[in-house]
Each structure stands twice: as C-alpha cells, then as structure tokens.
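Next comes coords.cif, with mmCIF, N, CA and C atoms.
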```
data_entry
#
loop_
_atom_site.group_PDB
_atom_site.id
_atom_site.type_symbol
_atom_site.label_atom_id
_atom_site.label_comp_id
_atom_site.auth_asym_id
_atom_site.auth_seq_id
_atom_site.Cartn_x
_atom_site.Cartn_y
_atom_site.Cartn_z
ATOM 1 N N MET A 1 15.176 -36.242 2.887
ATOM 2 C CA MET A 1 14.523 -35.207 3.686
ATOM 3 C C MET A 1 14.758 -33.855 3.008
ATOM 4 N N SER A 2 13.690 -33.116 2.851
ATOM 5 C CA SER A 2 13.822 -31.793 2.254
ATOM 6 C C SER A 2 14.251 -30.779 3.309
ATOM 7 N N LEU A 3 14.783 -29.662 2.842
ATOM 8 C CA LEU A 3 15.154 -28.598 3.781
ATOM 9 C C LEU A 3 13.934 -28.065 4.511
ATOM 10 N N GLU A 4 12.790 -28.021 3.812
ATOM 11 C CA GLU A 4 11.564 -27.550 4.451
ATOM 12 C C GLU A 4 11.179 -28.459 5.615
ATOM 13 N N LYS A 5 11.288 -29.762 5.410
ATOM 14 C CA LYS A 5 10.948 -30.727 6.462
ATOM 15 C C LYS A 5 11.932 -30.597 7.629
ATOM 16 N N LEU A 6 13.212 -30.448 7.319
ATOM 17 C CA LEU A 6 14.214 -30.285 8.368
ATOM 18 C C LEU A 6 13.956 -29.000 9.155
ATOM 19 N N ALA A 7 13.652 -27.914 8.465
ATOM 20 C CA ALA A 7 13.361 -26.641 9.142
ATOM 21 C C ALA A 7 12.145 -26.780 10.059
ATOM 22 N N ALA A 8 11.131 -27.504 9.599
ATOM 23 C CA ALA A 8 9.933 -27.715 10.421
ATOM 24 C C ALA A 8 10.262 -28.549 11.656
ATOM 25 N N THR A 9 11.103 -29.548 11.501
ATOM 26 C CA THR A 9 11.514 -30.379 12.640
ATOM 27 C C THR A 9 12.279 -29.541 13.652
ATOM 28 N N ILE A 10 13.174 -28.699 13.167
ATOM 29 C CA ILE A 10 13.945 -27.821 14.056
ATOM 30 C C ILE A 10 13.001 -26.877 14.794
ATOM 31 N N ALA A 11 12.055 -26.286 14.094
ATOM 32 C CA ALA A 11 11.096 -25.373 14.726
ATOM 33 C C ALA A 11 10.280 -26.099 15.798
ATOM 34 N N ALA A 12 9.900 -27.326 15.517
ATOM 35 C CA ALA A 12 9.111 -28.105 16.467
ATOM 36 C C ALA A 12 9.905 -28.458 17.717
ATOM 37 N N ARG A 13 11.213 -28.525 17.580
ATOM 38 C CA ARG A 13 12.057 -28.900 18.724
ATOM 39 C C ARG A 13 12.494 -27.709 19.556
ATOM 40 N N LYS A 14 12.103 -26.515 19.163
ATOM 41 C CA LYS A 14 12.500 -25.311 19.904
ATOM 42 C C LYS A 14 12.128 -25.390 21.376
ATOM 43 N N GLY A 15 10.978 -25.928 21.678
ATOM 44 C CA GLY A 15 10.541 -25.990 23.067
ATOM 45 C C GLY A 15 10.753 -27.346 23.710
ATOM 46 N N ALA A 16 11.466 -28.232 23.030
ATOM 47 C CA ALA A 16 11.672 -29.586 23.547
ATOM 48 C C ALA A 16 12.672 -29.588 24.707
ATOM 49 N N ASP A 17 12.735 -30.711 25.375
ATOM 50 C CA ASP A 17 13.648 -30.896 26.499
ATOM 51 C C ASP A 17 15.085 -31.015 25.975
ATOM 52 N N PRO A 18 15.977 -30.124 26.402
ATOM 53 C CA PRO A 18 17.373 -30.189 25.946
ATOM 54 C C PRO A 18 18.091 -31.491 26.315
ATOM 55 N N GLU A 19 17.535 -32.223 27.257
ATOM 56 C CA GLU A 19 18.142 -33.508 27.633
ATOM 57 C C GLU A 19 17.790 -34.615 26.642
ATOM 58 N N THR A 20 16.771 -34.387 25.818
ATOM 59 C CA THR A 20 16.330 -35.443 24.898
ATOM 60 C C THR A 20 16.467 -35.057 23.426
ATOM 61 N N SER A 21 16.878 -33.825 23.143
ATOM 62 C CA SER A 21 16.973 -33.369 21.754
ATOM 63 C C SER A 21 18.233 -32.530 21.563
ATOM 64 N N TRP A 22 19.067 -32.939 20.609
ATOM 65 C CA TRP A 22 20.286 -32.182 20.300
ATOM 66 C C TRP A 22 19.916 -30.780 19.808
ATOM 67 N N THR A 23 18.878 -30.695 18.999
ATOM 68 C CA THR A 23 18.432 -29.401 18.492
ATOM 69 C C THR A 23 18.010 -28.494 19.641
ATOM 70 N N ALA A 24 17.200 -29.027 20.546
ATOM 71 C CA ALA A 24 16.757 -28.238 21.706
ATOM 72 C C ALA A 24 17.941 -27.828 22.562
ATOM 73 N N LYS A 25 18.913 -28.711 22.691
ATOM 74 C CA LYS A 25 20.113 -28.403 23.482
ATOM 75 C C LYS A 25 20.879 -27.234 22.858
ATOM 76 N N LEU A 26 21.071 -27.284 21.547
ATOM 77 C CA LEU A 26 21.755 -26.185 20.854
ATOM 78 C C LEU A 26 20.990 -24.876 21.025
ATOM 79 N N LEU A 27 19.692 -24.916 20.780
ATOM 80 C CA LEU A 27 18.875 -23.708 20.868
ATOM 81 C C LEU A 27 18.842 -23.140 22.279
ATOM 82 N N SER A 28 18.892 -24.010 23.278
ATOM 83 C CA SER A 28 18.860 -23.542 24.666
ATOM 84 C C SER A 28 20.128 -22.784 25.047
ATOM 85 N N LYS A 29 21.191 -22.979 24.275
ATOM 86 C CA LYS A 29 22.463 -22.294 24.555
ATOM 87 C C LYS A 29 22.517 -20.897 23.950
ATOM 88 N N GLY A 30 21.490 -20.565 23.162
ATOM 89 C CA GLY A 30 21.390 -19.218 22.621
ATOM 90 C C GLY A 30 21.936 -19.072 21.216
ATOM 91 N N PRO A 31 21.571 -17.957 20.564
ATOM 92 C CA PRO A 31 21.966 -17.713 19.170
ATOM 93 C C PRO A 31 23.475 -17.673 18.963
ATOM 94 N N GLU A 32 24.200 -17.151 19.939
ATOM 95 C CA GLU A 32 25.656 -17.043 19.779
ATOM 96 C C GLU A 32 26.293 -18.423 19.671
ATOM 97 N N LYS A 33 25.863 -19.362 20.520
ATOM 98 C CA LYS A 33 26.406 -20.721 20.473
ATOM 99 C C LYS A 33 25.998 -21.413 19.184
ATOM 100 N N CYS A 34 24.768 -21.181 18.740
ATOM 101 C CA CYS A 34 24.321 -21.761 17.471
ATOM 102 C C CYS A 34 25.170 -21.231 16.312
ATOM 103 N N ALA A 35 25.482 -19.952 16.340
ATOM 104 C CA ALA A 35 26.326 -19.352 15.298
ATOM 105 C C ALA A 35 27.738 -19.929 15.353
ATOM 106 N N GLU A 36 28.260 -20.100 16.551
ATOM 107 C CA GLU A 36 29.595 -20.677 16.714
ATOM 108 C C GLU A 36 29.640 -22.091 16.132
ATOM 109 N N LYS A 37 28.618 -22.886 16.433
ATOM 110 C CA LYS A 37 28.569 -24.263 15.930
ATOM 111 C C LYS A 37 28.451 -24.275 14.407
ATOM 112 N N PHE A 38 27.656 -23.377 13.850
ATOM 113 C CA PHE A 38 27.555 -23.267 12.392
ATOM 114 C C PHE A 38 28.929 -22.966 11.796
ATOM 115 N N GLY A 39 29.651 -22.033 12.405
ATOM 116 C CA GLY A 39 30.986 -21.680 11.920
ATOM 117 C C GLY A 39 31.936 -22.859 11.953
ATOM 118 N N GLU A 40 31.891 -23.623 13.024
ATOM 119 C CA GLU A 40 32.751 -24.813 13.133
ATOM 120 C C GLU A 40 32.445 -25.794 12.007
ATOM 121 N N GLU A 41 31.164 -26.021 11.768
ATOM 122 C CA GLU A 41 30.775 -26.964 10.717
ATOM 123 C C GLU A 41 31.161 -26.446 9.331
ATOM 124 N N ALA A 42 31.046 -25.145 9.120
ATOM 125 C CA ALA A 42 31.437 -24.563 7.833
ATOM 126 C C ALA A 42 32.926 -24.765 7.583
ATOM 127 N N VAL A 43 33.729 -24.560 8.621
ATOM 128 C CA VAL A 43 35.181 -24.766 8.484
ATOM 129 C C VAL A 43 35.479 -26.226 8.150
ATOM 130 N N GLU A 44 34.789 -27.145 8.821
ATOM 131 C CA GLU A 44 35.000 -28.570 8.529
ATOM 132 C C GLU A 44 34.644 -28.887 7.079
ATOM 133 N N ALA A 45 33.586 -28.278 6.560
ATOM 134 C CA ALA A 45 33.208 -28.492 5.162
ATOM 135 C C ALA A 45 34.274 -27.929 4.220
ATOM 136 N N ILE A 46 34.805 -26.774 4.559
ATOM 137 C CA ILE A 46 35.864 -26.171 3.751
ATOM 138 C C ILE A 46 37.077 -27.092 3.692
ATOM 139 N N ILE A 47 37.450 -27.624 4.831
ATOM 140 C CA ILE A 47 38.613 -28.533 4.890
ATOM 141 C C ILE A 47 38.391 -29.736 3.978
ATOM 142 N N GLU A 48 37.205 -30.324 4.036
ATOM 143 C CA GLU A 48 36.924 -31.493 3.196
ATOM 144 C C GLU A 48 36.865 -31.121 1.718
ATOM 145 N N ALA A 49 36.396 -29.920 1.412
ATOM 146 C CA ALA A 49 36.380 -29.469 0.013
ATOM 147 C C ALA A 49 37.795 -29.340 -0.525
ATOM 148 N N VAL A 50 38.691 -28.826 0.305
ATOM 149 C CA VAL A 50 40.085 -28.668 -0.109
ATOM 150 C C VAL A 50 40.749 -30.033 -0.275
ATOM 151 N N LYS A 51 40.445 -30.945 0.626
ATOM 152 C CA LYS A 51 41.027 -32.291 0.548
ATOM 153 C C LYS A 51 40.517 -33.069 -0.659
ATOM 154 N N GLY A 52 39.296 -32.769 -1.072
ATOM 155 C CA GLY A 52 38.731 -33.454 -2.231
ATOM 156 C C GLY A 52 38.037 -34.769 -1.897
ATOM 157 N N ASP A 53 37.722 -35.002 -0.627
ATOM 158 C CA ASP A 53 37.032 -36.224 -0.227
ATOM 159 C C ASP A 53 35.527 -35.998 -0.375
ATOM 160 N N ARG A 54 34.947 -36.527 -1.448
ATOM 161 C CA ARG A 54 33.533 -36.280 -1.759
ATOM 162 C C ARG A 54 32.601 -36.776 -0.657
ATOM 163 N N ALA A 55 32.856 -37.958 -0.126
ATOM 164 C CA ALA A 55 31.972 -38.522 0.900
ATOM 165 C C ALA A 55 32.012 -37.675 2.165
ATOM 166 N N ARG A 56 33.198 -37.271 2.580
ATOM 167 C CA ARG A 56 33.321 -36.449 3.790
ATOM 168 C C ARG A 56 32.726 -35.059 3.555
ATOM 169 N N LEU A 57 32.939 -34.506 2.360
ATOM 170 C CA LEU A 57 32.355 -33.200 2.042
ATOM 171 C C LEU A 57 30.826 -33.284 2.069
ATOM 172 N N THR A 58 30.281 -34.354 1.527
ATOM 173 C CA THR A 58 28.828 -34.542 1.540
ATOM 174 C C THR A 58 28.305 -34.571 2.974
ATOM 175 N N SER A 59 28.981 -35.302 3.832
ATOM 176 C CA SER A 59 28.585 -35.393 5.237
ATOM 177 C C SER A 59 28.686 -34.045 5.937
ATOM 178 N N GLU A 60 29.784 -33.351 5.719
ATOM 179 C CA GLU A 60 29.971 -32.035 6.345
ATOM 180 C C GLU A 60 28.990 -31.012 5.792
ATOM 181 N N ALA A 61 28.664 -31.108 4.500
ATOM 182 C CA ALA A 61 27.693 -30.182 3.910
ATOM 183 C C ALA A 61 26.317 -30.379 4.552
ATOM 184 N N ALA A 62 25.956 -31.618 4.831
ATOM 185 C CA ALA A 62 24.689 -31.883 5.527
ATOM 186 C C ALA A 62 24.711 -31.247 6.913
ATOM 187 N N ASP A 63 25.849 -31.365 7.609
ATOM 188 C CA ASP A 63 25.985 -30.728 8.927
ATOM 189 C C ASP A 63 25.837 -29.210 8.818
ATOM 190 N N VAL A 64 26.435 -28.630 7.789
ATOM 191 C CA VAL A 64 26.360 -27.178 7.588
ATOM 192 C C VAL A 64 24.908 -26.746 7.387
ATOM 193 N N LEU A 65 24.180 -27.457 6.542
ATOM 194 C CA LEU A 65 22.781 -27.091 6.294
ATOM 195 C C LEU A 65 21.951 -27.203 7.567
ATOM 196 N N TYR A 66 22.140 -28.275 8.319
ATOM 197 C CA TYR A 66 21.413 -28.441 9.583
ATOM 198 C C TYR A 66 21.734 -27.300 10.539
ATOM 199 N N HIS A 67 23.018 -27.020 10.735
ATOM 200 C CA HIS A 67 23.399 -25.990 11.701
ATOM 201 C C HIS A 67 23.035 -24.580 11.222
ATOM 202 N N LEU A 68 22.983 -24.366 9.904
ATOM 203 C CA LEU A 68 22.490 -23.089 9.384
ATOM 204 C C LEU A 68 21.029 -22.904 9.780
ATOM 205 N N LEU A 69 20.230 -23.946 9.599
ATOM 206 C CA LEU A 69 18.813 -23.853 9.950
ATOM 207 C C LEU A 69 18.614 -23.664 11.452
ATOM 208 N N VAL A 70 19.446 -24.300 12.265
ATOM 209 C CA VAL A 70 19.366 -24.109 13.718
ATOM 210 C C VAL A 70 19.718 -22.661 14.063
ATOM 211 N N MET A 71 20.781 -22.135 13.454
ATOM 212 C CA MET A 71 21.180 -20.756 13.715
ATOM 213 C C MET A 71 20.070 -19.786 13.309
ATOM 214 N N LEU A 72 19.453 -20.015 12.173
ATOM 215 C CA LEU A 72 18.347 -19.169 11.740
ATOM 216 C C LEU A 72 17.186 -19.251 12.736
ATOM 217 N N ALA A 73 16.854 -20.457 13.166
ATOM 218 C CA ALA A 73 15.759 -20.642 14.128
ATOM 219 C C ALA A 73 16.052 -19.928 15.443
ATOM 220 N N ALA A 74 17.314 -19.906 15.828
ATOM 221 C CA ALA A 74 17.690 -19.237 17.079
ATOM 222 C C ALA A 74 17.402 -17.742 17.018
ATOM 223 N N ARG A 75 17.368 -17.185 15.822
ATOM 224 C CA ARG A 75 17.074 -15.757 15.628
ATOM 225 C C ARG A 75 15.705 -15.540 14.985
ATOM 226 N N ASP A 76 14.889 -16.592 14.985
ATOM 227 C CA ASP A 76 13.526 -16.521 14.439
ATOM 228 C C ASP A 76 13.490 -16.070 12.980
ATOM 229 N N VAL A 77 14.456 -16.526 12.214
ATOM 230 C CA VAL A 77 14.461 -16.307 10.769
ATOM 231 C C VAL A 77 14.055 -17.634 10.139
ATOM 232 N N THR A 78 13.031 -17.611 9.309
ATOM 233 C CA THR A 78 12.537 -18.857 8.724
ATOM 234 C C THR A 78 13.245 -19.170 7.402
ATOM 235 N N LEU A 79 13.209 -20.436 7.062
ATOM 236 C CA LEU A 79 13.730 -20.861 5.766
ATOM 237 C C LEU A 79 12.954 -20.165 4.651
ATOM 238 N N GLU A 80 11.659 -19.976 4.849
ATOM 239 C CA GLU A 80 10.836 -19.308 3.845
ATOM 240 C C GLU A 80 11.339 -17.890 3.576
ATOM 241 N N GLU A 81 11.758 -17.189 4.616
ATOM 242 C CA GLU A 81 12.291 -15.839 4.436
ATOM 243 C C GLU A 81 13.583 -15.864 3.621
ATOM 244 N N VAL A 82 14.420 -16.852 3.896
ATOM 245 C CA VAL A 82 15.683 -16.976 3.155
ATOM 246 C C VAL A 82 15.397 -17.322 1.692
ATOM 247 N N LEU A 83 14.469 -18.246 1.480
ATOM 248 C CA LEU A 83 14.113 -18.623 0.106
ATOM 249 C C LEU A 83 13.489 -17.455 -0.648
ATOM 250 N N ALA A 84 12.692 -16.647 0.045
ATOM 251 C CA ALA A 84 12.106 -15.456 -0.586
ATOM 252 C C ALA A 84 13.200 -14.475 -1.000
ATOM 253 N N GLU A 85 14.219 -14.356 -0.180
ATOM 254 C CA GLU A 85 15.337 -13.472 -0.535
ATOM 255 C C GLU A 85 16.068 -14.002 -1.765
ATOM 256 N N LEU A 86 16.249 -15.322 -1.828
ATOM 257 C CA LEU A 86 16.875 -15.909 -3.018
ATOM 258 C C LEU A 86 16.010 -15.677 -4.252
ATOM 259 N N ASP A 87 14.693 -15.834 -4.101
ATOM 260 C CA ASP A 87 13.785 -15.571 -5.225
ATOM 261 C C ASP A 87 13.894 -14.119 -5.681
ATOM 262 N N ARG A 88 13.985 -13.206 -4.711
ATOM 263 C CA ARG A 88 14.107 -11.785 -5.043
ATOM 264 C C ARG A 88 15.358 -11.526 -5.871
ATOM 265 N N ARG A 89 16.412 -12.259 -5.582
ATOM 266 C CA ARG A 89 17.689 -12.053 -6.282
ATOM 267 C C ARG A 89 17.768 -12.762 -7.625
ATOM 268 N N GLU A 90 16.842 -13.677 -7.896
ATOM 269 C CA GLU A 90 16.897 -14.462 -9.117
ATOM 270 C C GLU A 90 16.918 -13.556 -10.345
ATOM 271 N N GLY A 91 17.801 -13.865 -11.265
ATOM 272 C CA GLY A 91 17.911 -13.099 -12.494
ATOM 273 C C GLY A 91 18.788 -11.870 -12.372
ATOM 274 N N THR A 92 19.310 -11.637 -11.162
ATOM 275 C CA THR A 92 20.200 -10.502 -10.950
ATOM 276 C C THR A 92 21.628 -11.023 -10.898
ATOM 277 N N SER A 93 22.491 -10.403 -11.624
ATOM 278 C CA SER A 93 23.902 -10.781 -11.587
ATOM 279 C C SER A 93 24.431 -10.655 -10.167
ATOM 280 N N GLY A 94 25.253 -11.608 -9.764
ATOM 281 C CA GLY A 94 25.867 -11.549 -8.432
ATOM 282 C C GLY A 94 26.674 -10.273 -8.251
ATOM 283 N N ILE A 95 27.303 -9.821 -9.301
ATOM 284 C CA ILE A 95 28.104 -8.597 -9.232
ATOM 285 C C ILE A 95 27.180 -7.395 -9.027
ATOM 286 N N ALA A 96 26.067 -7.355 -9.760
ATOM 287 C CA ALA A 96 25.122 -6.246 -9.617
ATOM 288 C C ALA A 96 24.453 -6.283 -8.244
ATOM 289 N N GLU A 97 24.090 -7.477 -7.788
ATOM 290 C CA GLU A 97 23.426 -7.601 -6.489
ATOM 291 C C GLU A 97 24.341 -7.121 -5.375
ATOM 292 N N LYS A 98 25.604 -7.495 -5.445
ATOM 293 C CA LYS A 98 26.557 -7.094 -4.411
ATOM 294 C C LYS A 98 26.769 -5.577 -4.429
ATOM 295 N N ALA A 99 26.756 -4.975 -5.604
ATOM 296 C CA ALA A 99 26.936 -3.530 -5.722
ATOM 297 C C ALA A 99 25.768 -2.756 -5.113
ATOM 298 N N GLN A 100 24.581 -3.389 -5.052
ATOM 299 C CA GLN A 100 23.401 -2.732 -4.501
ATOM 300 C C GLN A 100 23.398 -2.697 -2.975
ATOM 301 N N ARG A 101 24.270 -3.478 -2.348
ATOM 302 C CA ARG A 101 24.264 -3.539 -0.876
ATOM 303 C C ARG A 101 24.901 -2.319 -0.254
#
```
In structure tokens, what does this structure look like?
Amino acid sequence: MSLEKLAATIAARKGADPETSWTAKLLSKGPEKCAEKFGEEAVEAIIEAVKGDRARLTSEAADVLYHLLVMLAARDVTLEEVLAELDRREGTSGIAEKAQR
C-alpha cells in the first residue's frame, strides 16, 4: 500500500461511523488526541530502534506513518502538501534549510 492510498483511505473515513472505523474513532476525538496517539507511536518506534529489533521497528514505523497521516487529516493538511514541502527543500542542505527558519 502506498502512502497516497493510505492517505486517501484516511480521508474517506473522516465522516465514517466511529463505531465501525478505528480511523473515524481517532478523528472524532479531535486533533489533540490524534497528535497524542502519533507521539505515543513515535516513542514506541524510538524504543524499537534503540533495541535493534528490525521486525518490531518495521511494525512500529508503519504505525507511525499511519498515525502521522491521521494527525495531518485531523488538521486538514494533505499528504500532497507535505510532499510539496519536501520537494521545495530538495537540493537544499539540511543545515542551510534549518538556518532559514
């Protein structure tokens, strides 16, 4: 599954019944809860990265990507907007880009 397909599925579930869709349930709790869940998943991925368990890190990384897209959807930020920002930064040194902020 591509990130674009996952983002489209998340967008389609925005108005779904929270009793039948985990995505709809998360979104119904608001952007703050979506952000909190993203943070929890990011921490779990960090823990697995430190432990060095590739399979668990892979699983947690998938959770992080899903919850990032849910958090973005909760604030009406599209994956396309994020990808456009990455394209804008392409070819710019990370050090130079950070200095411009």
| task | Calculate how many Å separate atom N of A:Thr23 from atom C of A:Met71, rounding to one decimal. | result |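 Calculated distance between atom N of A:Thr23 and atom C of A:Met71 is 12.4 Å.
Counting only N, CA and C atoms, the residue from A:Ser2, A:Glu32, A:Gly15, A:Ser21 that sits nearest to A:Ala74 is A:Glu32.
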| field | Contact residues around A:Ala12 with only C-alpha atoms at 12 Å, ignoring same-chain residues under 6 positions, as number ranges by chain | value | A: 5-6, 21, 23-24, 27, 70, 73
| said: Between atom N of A:Pro18 and atom CA of A:Lys33, what is the distance in Å, rounded to a tenth? | reply: 15.2 Å
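In this comparison, which uses only N, CA and C atoms, the residue of A:Ile95, A:Asp87, A:His67, A:Ala11 approaching A:Ala35 most closely is A:His67.
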| said: Between atom N of A:Ala16 and atom CA of A:Val64, what is the distance in Å, rounded to a tenth? | reply: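 Taking atom N of A:Ala16 and atom CA of A:Val64, their separation equals 21.5 Å.
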Just say which residues the PyMOL selection byres ((chain A and resi 42-47) around 7) picks in this file, as a compact mmCIF listing (two decimals) with N, CA and C atoms, in the frame of the given file.
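This is the output file expr_34.txt:
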```txt
# COMPACT_ATOMS: atom_id res chain seq x y z
N LYS A 37 28.62 -22.89 16.43
CA LYS A 37 28.57 -24.26 15.93
C LYS A 37 28.45 -24.28 14.41
N PHE A 38 27.66 -23.38 13.85
CA PHE A 38 27.56 -23.27 12.39
C PHE A 38 28.93 -22.97 11.80
N GLY A 39 29.65 -22.03 12.40
CA GLY A 39 30.99 -21.68 11.92
C GLY A 39 31.94 -22.86 11.95
N GLU A 40 31.89 -23.62 13.02
CA GLU A 40 32.75 -24.81 13.13
C GLU A 40 32.44 -25.79 12.01
N GLU A 41 31.16 -26.02 11.77
CA GLU A 41 30.78 -26.96 10.72
C GLU A 41 31.16 -26.45 9.33
N GLU A 48 37.20 -30.32 4.04
CA GLU A 48 36.92 -31.49 3.20
C GLU A 48 36.86 -31.12 1.72
N ALA A 49 36.40 -29.92 1.41
CA ALA A 49 36.38 -29.47 0.01
C ALA A 49 37.80 -29.34 -0.52
N VAL A 50 38.69 -28.83 0.30
CA VAL A 50 40.08 -28.67 -0.11
C VAL A 50 40.75 -30.03 -0.28
N LYS A 51 40.44 -30.94 0.63
CA LYS A 51 41.03 -32.29 0.55
C LYS A 51 40.52 -33.07 -0.66
N GLY A 52 39.30 -32.77 -1.07
CA GLY A 52 38.73 -33.45 -2.23
C GLY A 52 38.04 -34.77 -1.90
N ARG A 56 33.20 -37.27 2.58
CA ARG A 56 33.32 -36.45 3.79
C ARG A 56 32.73 -35.06 3.56
N LEU A 57 32.94 -34.51 2.36
CA LEU A 57 32.35 -33.20 2.04
C LEU A 57 30.83 -33.28 2.07
N GLU A 60 29.78 -33.35 5.72
CA GLU A 60 29.97 -32.03 6.34
C GLU A 60 28.99 -31.01 5.79
N ALA A 61 28.66 -31.11 4.50
CA ALA A 61 27.69 -30.18 3.91
C ALA A 61 26.32 -30.38 4.55
N ASP A 63 25.85 -31.36 7.61
CA ASP A 63 25.98 -30.73 8.93
C ASP A 63 25.84 -29.21 8.82
N VAL A 64 26.44 -28.63 7.79
CA VAL A 64 26.36 -27.18 7.59
C VAL A 64 24.91 -26.75 7.39
```
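With all atoms listed in the file as the basis for measurement, A:Ile10 is the residue among A:Ile10, A:Gly91, A:Arg54, A:Glu36 that approaches A:Leu69 most closely.
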| said: So that I can see what lies close to A:Val82, please list as a ChimeraX atom specification the residues with an atom at most 12 Å from it, counting only C-alpha atoms and leaving out residues fewer than 5 positions away in the same chain. | reply: /A:3-4,7,68-69,72-73,76-77,87-89
